[in-house]
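Engineer: Just passing along the structure, written as structure tokens.
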Amino acid sequence: MNAPDPRLAMTADTPVKLYEKRVPVFPKKITGPFRRFKWAVMVLCLGVYWLTPWIRWDRGSYAPHQAVLVDLAHRRFYMFAIEIWPNEFYFVAGLLIMAGIGLFLVTSVVGRAWCGYACPQTVWTDLYQHVDRLIDGDRNAQLRLQAAPWTVAKLARRLFKWSVWLGIAFLTGGAWIFYFADAPTLQRAFWTGTADPVAYATTAVLTLTTFVLGGFMREQVCIYMCPWPRIQSAMLDEKSLLVTYKHWRGEPRGSLKSAKQQLDTGLTPLGDCIDCHQCQAVCPTGVDIRDGAQIGCITCGLCIDACDAAMAKVGRPRGLIDYCTLEDAAREAQGQADTPILKTVLRPRTLIYFGVWAAIGMALLFMLGARTRLTLSVAKDRNPEFVQLSNGAVRDGFTIKLRNMEDRPRPVTVSTSGLPGALIYTDDMDDHAARPVLAMTVPADTTLRLRLYLVGPVGTKPSPVLFQLKATDRDGGQDQVKATYSTPQGNGQ
Amino acid sequence: MANDHGPAGGDAGHSSRLDEATGTHTVGHEWDGIEELDTPLPRWWLTLFYACIVFAIGYVIAYPALPGLHGATPGVLGWSSRGALAAEIKAADASHAATRAAIAATPVEDLVKNPVLLRAAIEGGRAAFKQNCVQCHGAGAAGSKGYPNLNDDDWLWGGDIATIQQTLEHGIRYPGDDATRQSQMPAFGHDGILTAAQVQDVVSHVRVISHQEPASAASQRGSAIFAQNCAVCHGANGEGGRSVGAPRLNDAIWLYGGDRATLTETVTYARAGVMPAWQQRLDPVTIKMLAAYVHSLGGGEATATAPAAPPATGQ
């Protein structure tokens with residue numbers, strides 16, 4: 001470590017700054033299959049995001065009619081035919097785990113496809129860069145404008161562009177609020193100024209973050225802020241697809257003119273790379289893919305489109321830059337054929353990811369089909385644990401909750417088993433009305449909380465007791481919960 | 001690096017110089033070739049720091065801040081945490097006002113007919129109970145020796161909701177309330193009404209009628225003594241007498257204890273528990289809510305349907 005940093009050694013004539021300023025990226029317009037694919041993914045992602053809250057779904061008179069709704073105020077999550085209560089949050093947890101493992105799976109097969117196509121940061125940056133090209137012109141015009149002094153014309157153009165950015169940020173980022181309330185109602189309330197302040201605050205924050213992250217931060221989010229590129233870098237292996245510059249074919253690079261000179265002078269012929277810098281010009285994060293895989297490369301494939309176009313112009317085969325695994329890169333460099341695609345994709349790692357992912361999915365589906373929409377929970381009184389009655393009998397108190405998760409009232413009965421002759425009554429009944437089975441109606445979409453008293457016949461020993469809830473309508477359904485009956489002799493366990 | 005310096009140490013390093021790489025001056029010290037840059041605080045940090053100072057000055061003026069001997073400076077906004085609490089309590093009271101008015105307007109016997117109001121009253125009572133009653137009756141209202149368990153179905157003075165309300169309002173043997181529940185058990189042994197042997201006989205009888213021991217010669221003798229001395233309040237069969245708060249003796253529940261020693265003590269010295277008259281401390285609505293809560297604890301009795309008064313008109 002004695003050797004001085006070469007940059008510090010140059011101090012005398014060229015002072016080196018320790019802070020590197022951002023070099024603005026002005027990606028050039030490009031056409032090609034990857035660009036078209038990127039468009040399709042963008043339209044799909046933004047379309048799904050934007051339109052979903054407006055889909056209606058008839059749920060009768062007890063629940064909202066929005067297909068996808070996160071009703072935080074009433075603690076309900078609706079997704080088409082599925083309604084989730086807070087106690088069923090494991091469904092959401094399961095979906096999140098599936099999303100995580102799904103990302104692992106996608107990463108191990110196709111590399112940073114999430115970064116390149118579907119990540120919101122990528123989608124919005126792409127959209128904003130398209131706005132740049134529409135307003136300021138393509139790459140060169142943008143470079144010129146950037147370098148130009150601040151004149152009224154430049155200021156006007158900038159203000160116009162920023163307004164368009166802001167408009168898009170408001171329309172897209174602001175649309176987030178519609179997932180949390182009835183969209184048409186909220187929209188009316190929003191424009192008439194009667195919506196909840198939270199709605200305005202959320203819209204303001206998300207508009208601002210979209211505006212700043214999509215308009216100004218762009219690739220810096222990927223390179224400096226986002227943990228995902230780092231995690232993905234760690235997850236890639238030699239069989240993951242990467243955007244690869246095939247240096248064994250491209251190097252030594254050189255312009256057509258210098259290639260001709262090389263040939264004329266009888267030196268080693270140059271590689272296929274004509275050093276046109278098109279791959280760099282179209283890159284949305286401004287990296288040079290010819291430097292190899294790097295954290296700035298989100299593998300969007302636009303440089304492949306650019307390079308293919310250039311190769312077509314000079315009459316060389318496409319694919320100098322292409323999706324390629326590290327393993328295939330090594331094989332190709334030695335002139336061997338690529339591994340068959342199925343052999344690359346179907347390997348233990350991806351199969352295990354897929355297996356885990358699918359197992360969780362199947363388990364969730366099974367639980368969704370098997371879950372009961374009428375549940376009972378029982379909490380035994382601890383103070384007092386039991387009450388001695390005049391006639392020698394012992395009474396235990398319980399707090400029970402009858403949860404009707406359906407959008408209609410359910411007639412039910414509550415009873416116990418395990419204590420022959422036991423009678424139950426609630427705290428708004430008097431004890432003479434106690435009986436073995438209580439009938440009641442649980443209102444739609446409601447948790448009914450009751451104080452329940454259980455009296456065993458005189459002389460009953462402490463014992464386990466089973467509380468049973470049964471729906472008495474045609475659809476039926478039931479739930480039961482184990483509890484204990486305590487007496488001065490013990491607690492029944 | 002040390003290559004643009006003289007030898008390490010010495011006073012030669014005591015002069016600030018411009019570091020080319022960073023464009024920053026050094027502080028002028030050197031330790032074994034290591035120098036320190038005099039990097040200024042970042043401007044954003046400094047700006048925030050000054051902004052905080054300005055904010056703090058405003059805060060000290062606006063809010064209570066500087067401590068004195070008898071309290072802090074009040075601040076021009078007049079805010080205080082106690083005042084904020086008072087405002088919150090006032091708001092909470094205001095939000096309860098309608099319910100409390102409805103409870104005030106409903107006779108306590110009729111609360112049962114209005115499930116929503118009854119529920120509100122029970123919950124209000126639950127809160128008031130925790131504040132006023134748990135000291136004697138316990139958090140679970142299960143009482144302890146000398147303090148009745150309010151969950152059970154054994155009531156000294158009556159367990160329908162109106163009776164509970166009356167007990168709450170006027171208390172038991174509470175000085176200073178003319179309508180307080182009043183009764184006095186004689187100290188049979190202490191005052192010489194019964195001999196010690198007679199007390200034992202009565203105790204035997206009481207233990208027989210409460211099914212704690214089999215009949216015996218002593219209990220036979222005690223039966224006669226009980227009929228003469230105790231039955232007037234506790235009933236011929238020990239069924240208790242609610243008009244005087246005489247506990248039922250032929251059941252499984254004991255206020256002080258049903259073993260021989262405790263019963264001997266009770267008969268010899270008598271018992272006279274006291275409960276405050278809560279109308280001196282609580283408002284009528286809170287007392288009504290407490291009655292509803294105690295009545296809901298599991299042993300509450302139905303209001304006895306009073307014999308219908310003959311219609312005053314129509315005949």
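Lettering and numbering for the structure tokens are positional, with chains as A, B, ... in the shown order, residues counted from 1 in each chain, and ligands counted from 1 in the shown order.
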Give the residues of chain B that lie within 10 Å of chain A; count only C-alpha atoms, and format the answer as a compact mmCIF listing (two decimals) with N, CA and C atoms, in the first residue's frame.
Structural biologist:
```txt
# COMPACT_ATOMS: atom_id res chain seq x y z
N MET B 1 -0.02 12.08 0.84
CA MET B 1 1.18 11.31 1.13
C MET B 1 2.27 12.22 1.68
N ALA B 2 3.18 11.55 2.31
CA ALA B 2 4.18 12.34 3.04
C ALA B 2 5.26 12.90 2.14
N ASN B 3 5.18 12.60 0.85
CA ASN B 3 6.33 12.95 0.02
C ASN B 3 6.44 14.45 -0.28
N ASP B 19 -4.24 21.61 0.48
CA ASP B 19 -4.14 20.26 -0.03
C ASP B 19 -4.69 20.26 -1.44
N GLU B 20 -3.84 19.91 -2.38
CA GLU B 20 -4.21 20.05 -3.80
C GLU B 20 -5.36 19.12 -4.18
N ALA B 21 -5.30 17.89 -3.68
CA ALA B 21 -6.28 16.90 -4.11
C ALA B 21 -7.70 17.32 -3.75
N THR B 22 -7.85 17.92 -2.58
CA THR B 22 -9.20 18.24 -2.13
C THR B 22 -9.52 19.71 -2.27
N GLY B 23 -8.52 20.54 -2.45
CA GLY B 23 -8.76 21.97 -2.52
C GLY B 23 -9.05 22.56 -1.16
N VAL B 112 -82.67 -2.19 30.46
CA VAL B 112 -82.62 -3.52 29.86
C VAL B 112 -83.39 -3.55 28.55
N PRO B 115 -81.14 -2.27 24.33
CA PRO B 115 -79.85 -2.98 24.32
C PRO B 115 -78.66 -2.06 24.04
N LEU B 118 -78.07 0.01 27.10
CA LEU B 118 -77.59 -0.88 28.17
C LEU B 118 -76.11 -1.17 27.96
N ARG B 119 -75.74 -1.45 26.69
CA ARG B 119 -74.35 -1.76 26.39
C ARG B 119 -73.47 -0.57 26.75
N ILE B 122 -73.17 -0.33 30.49
CA ILE B 122 -72.29 -1.36 31.06
C ILE B 122 -70.83 -0.97 30.86
N GLY B 138 -62.22 -5.60 44.24
CA GLY B 138 -61.26 -6.28 43.37
C GLY B 138 -61.49 -5.97 41.90
N ALA B 139 -60.42 -6.10 41.11
CA ALA B 139 -60.49 -5.76 39.69
C ALA B 139 -61.51 -6.61 38.96
N GLY B 140 -61.65 -7.86 39.36
CA GLY B 140 -62.62 -8.74 38.71
C GLY B 140 -63.94 -8.76 39.45
N ALA B 141 -64.14 -7.84 40.41
CA ALA B 141 -65.36 -7.73 41.20
C ALA B 141 -65.60 -9.00 42.02
N ALA B 142 -64.52 -9.76 42.27
CA ALA B 142 -64.71 -11.01 42.98
C ALA B 142 -64.63 -10.83 44.50
N GLY B 143 -64.41 -9.61 44.96
CA GLY B 143 -64.42 -9.33 46.39
C GLY B 143 -63.33 -10.07 47.14
N ASN B 149 -68.46 -10.67 46.76
CA ASN B 149 -68.22 -10.98 45.36
C ASN B 149 -69.46 -10.53 44.58
N LEU B 150 -69.26 -9.65 43.60
CA LEU B 150 -70.41 -9.11 42.88
C LEU B 150 -70.76 -9.95 41.66
N ASN B 151 -69.97 -11.00 41.38
CA ASN B 151 -70.25 -11.84 40.22
C ASN B 151 -71.29 -12.91 40.53
N ASP B 152 -71.43 -13.23 41.83
CA ASP B 152 -72.27 -14.39 42.13
C ASP B 152 -73.74 -14.01 42.25
N ASP B 153 -74.55 -15.01 42.59
CA ASP B 153 -76.00 -14.79 42.63
C ASP B 153 -76.49 -14.65 44.06
N ASP B 154 -75.61 -14.31 44.98
CA ASP B 154 -75.99 -14.15 46.37
C ASP B 154 -75.93 -12.67 46.69
N TRP B 155 -77.06 -12.10 47.01
CA TRP B 155 -77.12 -10.66 47.26
C TRP B 155 -77.58 -10.41 48.68
N ASP B 160 -81.54 -6.99 41.94
CA ASP B 160 -82.10 -6.41 40.71
C ASP B 160 -81.49 -5.03 40.54
N SER B 210 -75.94 -25.53 56.03
CA SER B 210 -75.17 -25.23 54.82
C SER B 210 -74.47 -26.49 54.29
N ARG B 248 -77.80 -15.00 53.48
CA ARG B 248 -78.33 -16.35 53.41
C ARG B 248 -77.27 -17.30 54.00
N LEU B 249 -77.73 -18.21 54.88
CA LEU B 249 -76.76 -19.07 55.55
C LEU B 249 -76.78 -20.50 55.03
N ASN B 250 -77.81 -20.85 54.26
CA ASN B 250 -77.92 -22.24 53.83
C ASN B 250 -77.39 -22.44 52.40
N ASP B 251 -76.44 -21.63 52.00
CA ASP B 251 -75.89 -21.79 50.65
C ASP B 251 -74.38 -21.97 50.69
N ALA B 252 -73.76 -21.95 49.56
CA ALA B 252 -72.33 -22.27 49.46
C ALA B 252 -71.45 -21.03 49.53
N ILE B 253 -72.07 -19.86 49.70
CA ILE B 253 -71.29 -18.62 49.62
C ILE B 253 -71.17 -17.99 51.01
N TRP B 254 -69.97 -17.61 51.37
CA TRP B 254 -69.71 -17.00 52.67
C TRP B 254 -69.00 -15.68 52.47
N ALA B 292 -75.72 -0.84 36.20
CA ALA B 292 -75.88 -1.69 35.02
C ALA B 292 -74.69 -2.65 34.89
N TYR B 293 -73.49 -2.14 35.19
CA TYR B 293 -72.31 -2.99 35.07
C TYR B 293 -72.34 -4.12 36.10
N HIS B 295 -74.84 -5.30 37.61
CA HIS B 295 -75.95 -6.21 37.28
C HIS B 295 -75.56 -7.16 36.15
N SER B 296 -74.63 -6.71 35.29
CA SER B 296 -74.27 -7.54 34.12
C SER B 296 -73.22 -8.59 34.45
N LEU B 297 -72.74 -8.60 35.69
CA LEU B 297 -71.59 -9.46 36.00
C LEU B 297 -71.96 -10.93 36.11
N GLY B 298 -73.23 -11.25 35.93
CA GLY B 298 -73.57 -12.65 35.88
C GLY B 298 -74.62 -13.06 36.90
N GLY B 299 -74.71 -12.31 38.01
CA GLY B 299 -75.68 -12.70 39.03
C GLY B 299 -76.88 -11.77 39.09
N GLY B 300 -76.94 -10.81 38.18
CA GLY B 300 -78.01 -9.83 38.19
C GLY B 300 -79.38 -10.48 38.14
N GLU B 301 -80.27 -9.95 38.95
CA GLU B 301 -81.61 -10.54 39.00
C GLU B 301 -82.57 -9.68 38.21
N ALA B 302 -83.64 -10.32 37.70
CA ALA B 302 -84.67 -9.58 36.96
C ALA B 302 -85.43 -8.70 37.93
N THR B 303 -85.88 -7.55 37.42
CA THR B 303 -86.68 -6.67 38.26
C THR B 303 -88.01 -7.35 38.55
```
Engineer: So which residues of segment 29-263 of chain B fall under alpha helix (DSSP H) by DSSP, listed as a ChimeraX atom specification?
Structural biologist: /B:43-62,81-105,115-132,134-137,161-170,196-209,217-229,231-234,260-263
Engineer: Which is closer to Phe226 of chain B than all the others in B:Thr24, B:Pro214, B:Ser243, B:Val202, using only C-alpha atoms?
Structural biologist: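 Looking only at the distances to Phe226 of chain B, the closest residue turns out to be B:Val202.
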Engineer: Neighbours of Leu320 of chain A within 9 Å (only C-alpha atoms; same-chain residues fewer than 5 positions away dropped), as a ChimeraX atom specification?
Structural biologist: /A:244-247,249-250,272-273,304,307-308,311
Engineer: Give me, please, the distance in Å between atom CA of Gly245 of chain B and atom CA of Gln182 of chain B, quoted to one decimal.
Structural biologist: 8.2 Å
Engineer: Compare A:Thr151, A:Ile298, A:Leu95, A:Met235 by their minimum atom-to-atom distance to Ala118 of chain A, counting only C-alpha atoms, and give me the closest one.
Structural biologist: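 Closest candidate: A:Ile298.
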Engineer: Skipping near chain neighbours, those fewer than 3 positions away, what residues fall within 9 Å of segment 458-471 of chain A using only C-alpha atoms, listed as number ranges by chain?
Structural biologist: A: 374-378, 391-394, 402, 410-420, 455, 474-493
Engineer: Taking the DSSP secondary structure from the backbone, can you list the residues of segment 32-203 of chain A that are strand (DSSP E), as a short mmCIF file (atom, residue, chain, number, x, y, z; two decimals) with N, CA and C atoms, in the first residue's frame?
Structural biologist:
```cif
data_model
loop_
_atom_site.label_atom_id
_atom_site.label_comp_id
_atom_site.auth_asym_id
_atom_site.auth_seq_id
_atom_site.Cartn_x
_atom_site.Cartn_y
_atom_site.Cartn_z
N VAL A 68 -60.62 -4.00 -6.49
CA VAL A 68 -59.42 -4.07 -5.67
C VAL A 68 -59.42 -2.86 -4.75
N LEU A 69 -59.50 -3.10 -3.47
CA LEU A 69 -59.63 -2.01 -2.52
C LEU A 69 -58.94 -2.38 -1.22
N VAL A 70 -58.07 -1.49 -0.76
CA VAL A 70 -57.46 -1.67 0.56
C VAL A 70 -58.19 -0.71 1.49
N ASP A 71 -59.15 -1.24 2.22
CA ASP A 71 -60.00 -0.39 3.04
C ASP A 71 -59.40 -0.31 4.44
N ARG A 76 -60.34 -3.92 5.88
CA ARG A 76 -60.71 -4.98 4.95
C ARG A 76 -59.87 -4.81 3.69
N PHE A 77 -59.54 -5.94 3.08
CA PHE A 77 -58.77 -5.91 1.84
C PHE A 77 -59.57 -6.69 0.81
N TYR A 78 -59.98 -6.01 -0.25
CA TYR A 78 -60.79 -6.68 -1.25
C TYR A 78 -60.00 -6.89 -2.52
N MET A 79 -60.09 -8.10 -3.08
CA MET A 79 -59.46 -8.35 -4.37
C MET A 79 -60.40 -9.26 -5.14
N ILE A 82 -62.22 -12.16 -3.53
CA ILE A 82 -61.60 -12.48 -2.25
C ILE A 82 -61.70 -11.28 -1.31
N GLU A 83 -62.15 -11.55 -0.09
CA GLU A 83 -62.14 -10.51 0.93
C GLU A 83 -61.27 -10.98 2.06
N ILE A 84 -60.32 -10.15 2.47
CA ILE A 84 -59.40 -10.57 3.53
C ILE A 84 -59.58 -9.67 4.74
#
```
Engineer: Hey, can you check how far atom CA of Thr325 of chain A sits from atom CA of Met42 of chain A?
Structural biologist: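 Between atom CA of Thr325 of chain A and atom CA of Met42 of chain A the gap works out to 25.5 Å.
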Engineer: Could you check which of B:Ile161, B:Val232, B:Cys133, B:Ile57 is closest to Pro148 of chain B, using only C-alpha atoms?
Structural biologist: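 Distance minimum relative to Pro148 of chain B lands on B:Cys133.
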Engineer: Calculated over only C-alpha atoms, which of the candidates B:Ser95, B:Ser144, B:Thr26, B:Thr167 has the smallest distance to Met275 of chain B?
Structural biologist: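 Closest to Met275 of chain B, using only C-alpha atoms: B:Thr167.
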Engineer: Find, counting only C-alpha atoms, the residue in A:Trp54, A:Trp248, A:Trp85, A:Tyr117 that gets nearest to Arg36 of chain A.
Structural biologist: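 Of A:Trp54, A:Trp248, A:Trp85, A:Tyr117, the one nearest Arg36 of chain A, counting only C-alpha atoms, is A:Tyr117.
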Engineer: In Å to one decimal, how far is atom CA of Gly171 of chain B from atom CA of His234 of chain B?
Structural biologist: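 Computed distance, atom CA of His234 of chain B to atom CA of Gly171 of chain B, equals 20.8 Å.
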Engineer: For Asn229 of chain B, list every protein, DNA or RNA residue within 12 Å, evaluated using only C-alpha atoms, and leave out those in the same chain fewer than 4 positions away; present the list as an MDAnalysis selection string.
Structural biologist: chainID B and resid 185:189 193:194 198:199 202 222:225 233:236 238 267
Engineer: Take the selection from the previous step and output its residues with N, CA and C atoms, as a PDB file, in the first residue's frame.
Structural biologist:
```pdb
ATOM      1  N   MET B 185     -76.112  -6.621  63.486  1.00  0.00           N
ATOM      2  CA  MET B 185     -76.166  -7.943  64.077  1.00  0.00           C
ATOM      3  C   MET B 185     -75.673  -7.841  65.516  1.00  0.00           C
ATOM      4  N   PRO B 186     -76.378  -8.423  66.473  1.00  0.00           N
ATOM      5  CA  PRO B 186     -75.873  -8.375  67.853  1.00  0.00           C
ATOM      6  C   PRO B 186     -74.600  -9.208  68.000  1.00  0.00           C
ATOM      7  N   ALA B 187     -73.743  -8.757  68.897  1.00  0.00           N
ATOM      8  CA  ALA B 187     -72.533  -9.538  69.194  1.00  0.00           C
ATOM      9  C   ALA B 187     -72.909 -10.557  70.250  1.00  0.00           C
ATOM     10  N   PHE B 188     -73.467 -11.705  69.787  1.00  0.00           N
ATOM     11  CA  PHE B 188     -74.134 -12.638  70.700  1.00  0.00           C
ATOM     12  C   PHE B 188     -73.219 -13.123  71.816  1.00  0.00           C
ATOM     13  N   GLY B 189     -72.024 -13.423  71.516  1.00  0.00           N
ATOM     14  CA  GLY B 189     -71.132 -13.942  72.542  1.00  0.00           C
ATOM     15  C   GLY B 189     -70.545 -12.831  73.377  1.00  0.00           C
ATOM     16  N   ILE B 193     -75.268 -12.470  75.281  1.00  0.00           N
ATOM     17  CA  ILE B 193     -76.604 -12.971  74.947  1.00  0.00           C
ATOM     18  C   ILE B 193     -76.578 -14.500  74.903  1.00  0.00           C
ATOM     19  N   LEU B 194     -75.502 -15.041  74.370  1.00  0.00           N
ATOM     20  CA  LEU B 194     -75.335 -16.482  74.324  1.00  0.00           C
ATOM     21  C   LEU B 194     -74.039 -16.841  75.038  1.00  0.00           C
ATOM     22  N   GLN B 198     -73.313 -22.156  73.771  1.00  0.00           N
ATOM     23  CA  GLN B 198     -74.474 -21.906  72.910  1.00  0.00           C
ATOM     24  C   GLN B 198     -74.018 -21.421  71.532  1.00  0.00           C
ATOM     25  N   VAL B 199     -73.002 -20.575  71.553  1.00  0.00           N
ATOM     26  CA  VAL B 199     -72.460 -20.098  70.272  1.00  0.00           C
ATOM     27  C   VAL B 199     -71.990 -21.296  69.450  1.00  0.00           C
ATOM     28  N   VAL B 202     -74.955 -23.049  67.944  1.00  0.00           N
ATOM     29  CA  VAL B 202     -75.515 -22.325  66.788  1.00  0.00           C
ATOM     30  C   VAL B 202     -74.615 -22.526  65.556  1.00  0.00           C
ATOM     31  N   GLY B 222     -78.516 -26.231  68.853  1.00  0.00           N
ATOM     32  CA  GLY B 222     -78.318 -24.964  68.149  1.00  0.00           C
ATOM     33  C   GLY B 222     -79.545 -24.569  67.365  1.00  0.00           C
ATOM     34  N   SER B 223     -80.267 -25.556  66.854  1.00  0.00           N
ATOM     35  CA  SER B 223     -81.456 -25.261  66.062  1.00  0.00           C
ATOM     36  C   SER B 223     -82.452 -24.431  66.871  1.00  0.00           C
ATOM     37  N   ALA B 224     -82.619 -24.818  68.123  1.00  0.00           N
ATOM     38  CA  ALA B 224     -83.576 -24.090  68.963  1.00  0.00           C
ATOM     39  C   ALA B 224     -83.077 -22.675  69.230  1.00  0.00           C
ATOM     40  N   ILE B 225     -81.767 -22.584  69.505  1.00  0.00           N
ATOM     41  CA  ILE B 225     -81.191 -21.252  69.769  1.00  0.00           C
ATOM     42  C   ILE B 225     -81.312 -20.374  68.516  1.00  0.00           C
ATOM     43  N   CYS B 233     -83.954 -12.470  61.585  1.00  0.00           N
ATOM     44  CA  CYS B 233     -83.298 -11.805  60.448  1.00  0.00           C
ATOM     45  C   CYS B 233     -82.911 -12.803  59.347  1.00  0.00           C
ATOM     46  N   HIS B 234     -82.289 -13.908  59.739  1.00  0.00           N
ATOM     47  CA  HIS B 234     -81.720 -14.829  58.749  1.00  0.00           C
ATOM     48  C   HIS B 234     -82.736 -15.831  58.219  1.00  0.00           C
ATOM     49  N   GLY B 235     -83.976 -15.824  58.757  1.00  0.00           N
ATOM     50  CA  GLY B 235     -85.011 -16.728  58.264  1.00  0.00           C
ATOM     51  C   GLY B 235     -84.987 -18.044  59.003  1.00  0.00           C
ATOM     52  N   ALA B 236     -86.122 -18.681  59.047  1.00  0.00           N
ATOM     53  CA  ALA B 236     -86.264 -19.910  59.820  1.00  0.00           C
ATOM     54  C   ALA B 236     -85.298 -20.978  59.319  1.00  0.00           C
ATOM     55  N   GLY B 238     -82.564 -20.249  57.511  1.00  0.00           N
ATOM     56  CA  GLY B 238     -81.303 -19.615  57.155  1.00  0.00           C
ATOM     57  C   GLY B 238     -81.292 -19.094  55.735  1.00  0.00           C
ATOM     58  N   VAL B 267     -70.397 -15.018  65.146  1.00  0.00           N
ATOM     59  CA  VAL B 267     -71.523 -15.030  66.079  1.00  0.00           C
ATOM     60  C   VAL B 267     -71.135 -14.333  67.379  1.00  0.00           C
TER      61      VAL B 267
END
```
Engineer: Env of segment 180-194 of chain A: 10 Å cut, atoms = only C-alpha atoms, seq-sep filter 3 positions within chain, self excluded. Answer as a VMD selection string.
Structural biologist: chain A and resid 52 to 56 64 to 73 77 175 to 177 197 199 to 200
Engineer: Using C-alpha atoms, can you write the selected residues to a file as a PDB file, in the first residue's frame?
Structural biologist:
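out_12.pdb, freshly written:
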```pdb
ATOM      1  CA  THR A  52     -57.373  -1.426 -11.602  1.00  0.00           C
ATOM      2  CA  PRO A  53     -59.036   0.825  -9.001  1.00  0.00           C
ATOM      3  CA  TRP A  54     -61.782   1.644 -11.499  1.00  0.00           C
ATOM      4  CA  ILE A  55     -62.914  -1.947 -11.998  1.00  0.00           C
ATOM      5  CA  ARG A  56     -66.260  -2.515 -10.290  1.00  0.00           C
ATOM      6  CA  PRO A  64     -67.882  -1.761  -1.303  1.00  0.00           C
ATOM      7  CA  HIS A  65     -68.129  -2.352  -5.033  1.00  0.00           C
ATOM      8  CA  GLN A  66     -64.512  -1.790  -5.952  1.00  0.00           C
ATOM      9  CA  ALA A  67     -62.742  -4.845  -7.327  1.00  0.00           C
ATOM     10  CA  VAL A  68     -59.416  -4.067  -5.669  1.00  0.00           C
ATOM     11  CA  LEU A  69     -59.634  -2.008  -2.519  1.00  0.00           C
ATOM     12  CA  VAL A  70     -57.465  -1.666   0.556  1.00  0.00           C
ATOM     13  CA  ASP A  71     -59.999  -0.386   3.044  1.00  0.00           C
ATOM     14  CA  LEU A  72     -57.729   0.667   5.873  1.00  0.00           C
ATOM     15  CA  ALA A  73     -60.488   2.497   7.721  1.00  0.00           C
ATOM     16  CA  PHE A  77     -58.775  -5.905   1.837  1.00  0.00           C
ATOM     17  CA  ALA A 175     -53.619   7.640  -8.762  1.00  0.00           C
ATOM     18  CA  TRP A 176     -52.266   5.578  -5.878  1.00  0.00           C
ATOM     19  CA  ILE A 177     -54.929   6.959  -3.530  1.00  0.00           C
ATOM     20  CA  PRO A 197     -56.612  15.737   3.871  1.00  0.00           C
ATOM     21  CA  ALA A 199     -55.757  11.985   0.176  1.00  0.00           C
ATOM     22  CA  TYR A 200     -54.320  15.393  -0.768  1.00  0.00           C
TER      23      TYR A 200
END
```
